[in-house]
Amino acid sequence: MSSFEFLLGMYSIILGLGISRLLEGIKNLVVSARPVRGTGLYIWMLVIGLLVHVTTWLSLWGLRNVETWSVWSFLLVMLVPVLMYLYSSITVPDNDRSVDLGEYYLSNAGKMHGLLISAIVINGFAEFVILERPSSIPLAAMRIAIASLLLVCALMPRAIHVHRVILPAVMVGAATLVLAVDFQIR
């Protein structure tokens, strides 16, 4: 087993736990017997989270030709799925009682956006440090744009009108990033 295969296995397990948590949140919306209030922004964050999970996993493939891994580069790369798992855990409420998801989103928006920003930035930074160059200038620019939009939401956690405009743009950017990373690894 190569060092990359070892890293990929551990990375995939932790990222899979985060994806599982987000899918649990979607399941809870679908099977809820009680009316669910305030789901718009919450659903955006679930979808964005899934897209960022997929993007970070796909972008790991860009490191497949790295032959020597230091403990520090391994830990830097592994920080990304840990942050994504934390994001997923905060995004999906733990309790099964009726929750106003709009209020839940607003009270946790700063944490959610901060974790996503951290994961996106560290993902790009890790590629830059390990490869000693950005994997792709357009991908780096897209990551910066998405992180910047999320930063606006993080700095204005109660400005619901701002979030309603920015989150769809972030979702489109994240979907485009998935496609761009997929195109790059082919």
# chains A, B, ... in the order shown; residues from 1 in each chain; ligands from 1
>>> residues_around(residues="Trp69 (chain A)", least_positions_apart="5", cutoff="9 Å", atoms="only C-alpha atoms", output="list in words")
Ser3, Phe4, Phe74 and Ile130 of chain A
>>> residues_around(residues="Ser73 (chain A)", least_positions_apart="4", cutoff="12 Å", atoms="only C-alpha atoms", output="ChimeraX atom specification")
/A:3-4,7,63,66-69,77-80,122-123,125-132
>>> closest_residue(among="A:Ile137, A:Val165, A:Leu83, A:Ala175", to="Leu116 (chain A)", atoms="only C-alpha atoms")
A:Leu83
>>> closest_residue(among="A:Asn65, A:Ser135, A:Asn28, A:Ser20", to="Ser2 (chain A)", atoms="only C-alpha atoms")
A:Asn65
>>> select_by_dssp(residues="region 6-176 of chain A", states="alpha helix (DSSP H)", output="MDAnalysis selection string")
chainID A and resid 6:31 40:59 71:91 101:131 137:155 160:176
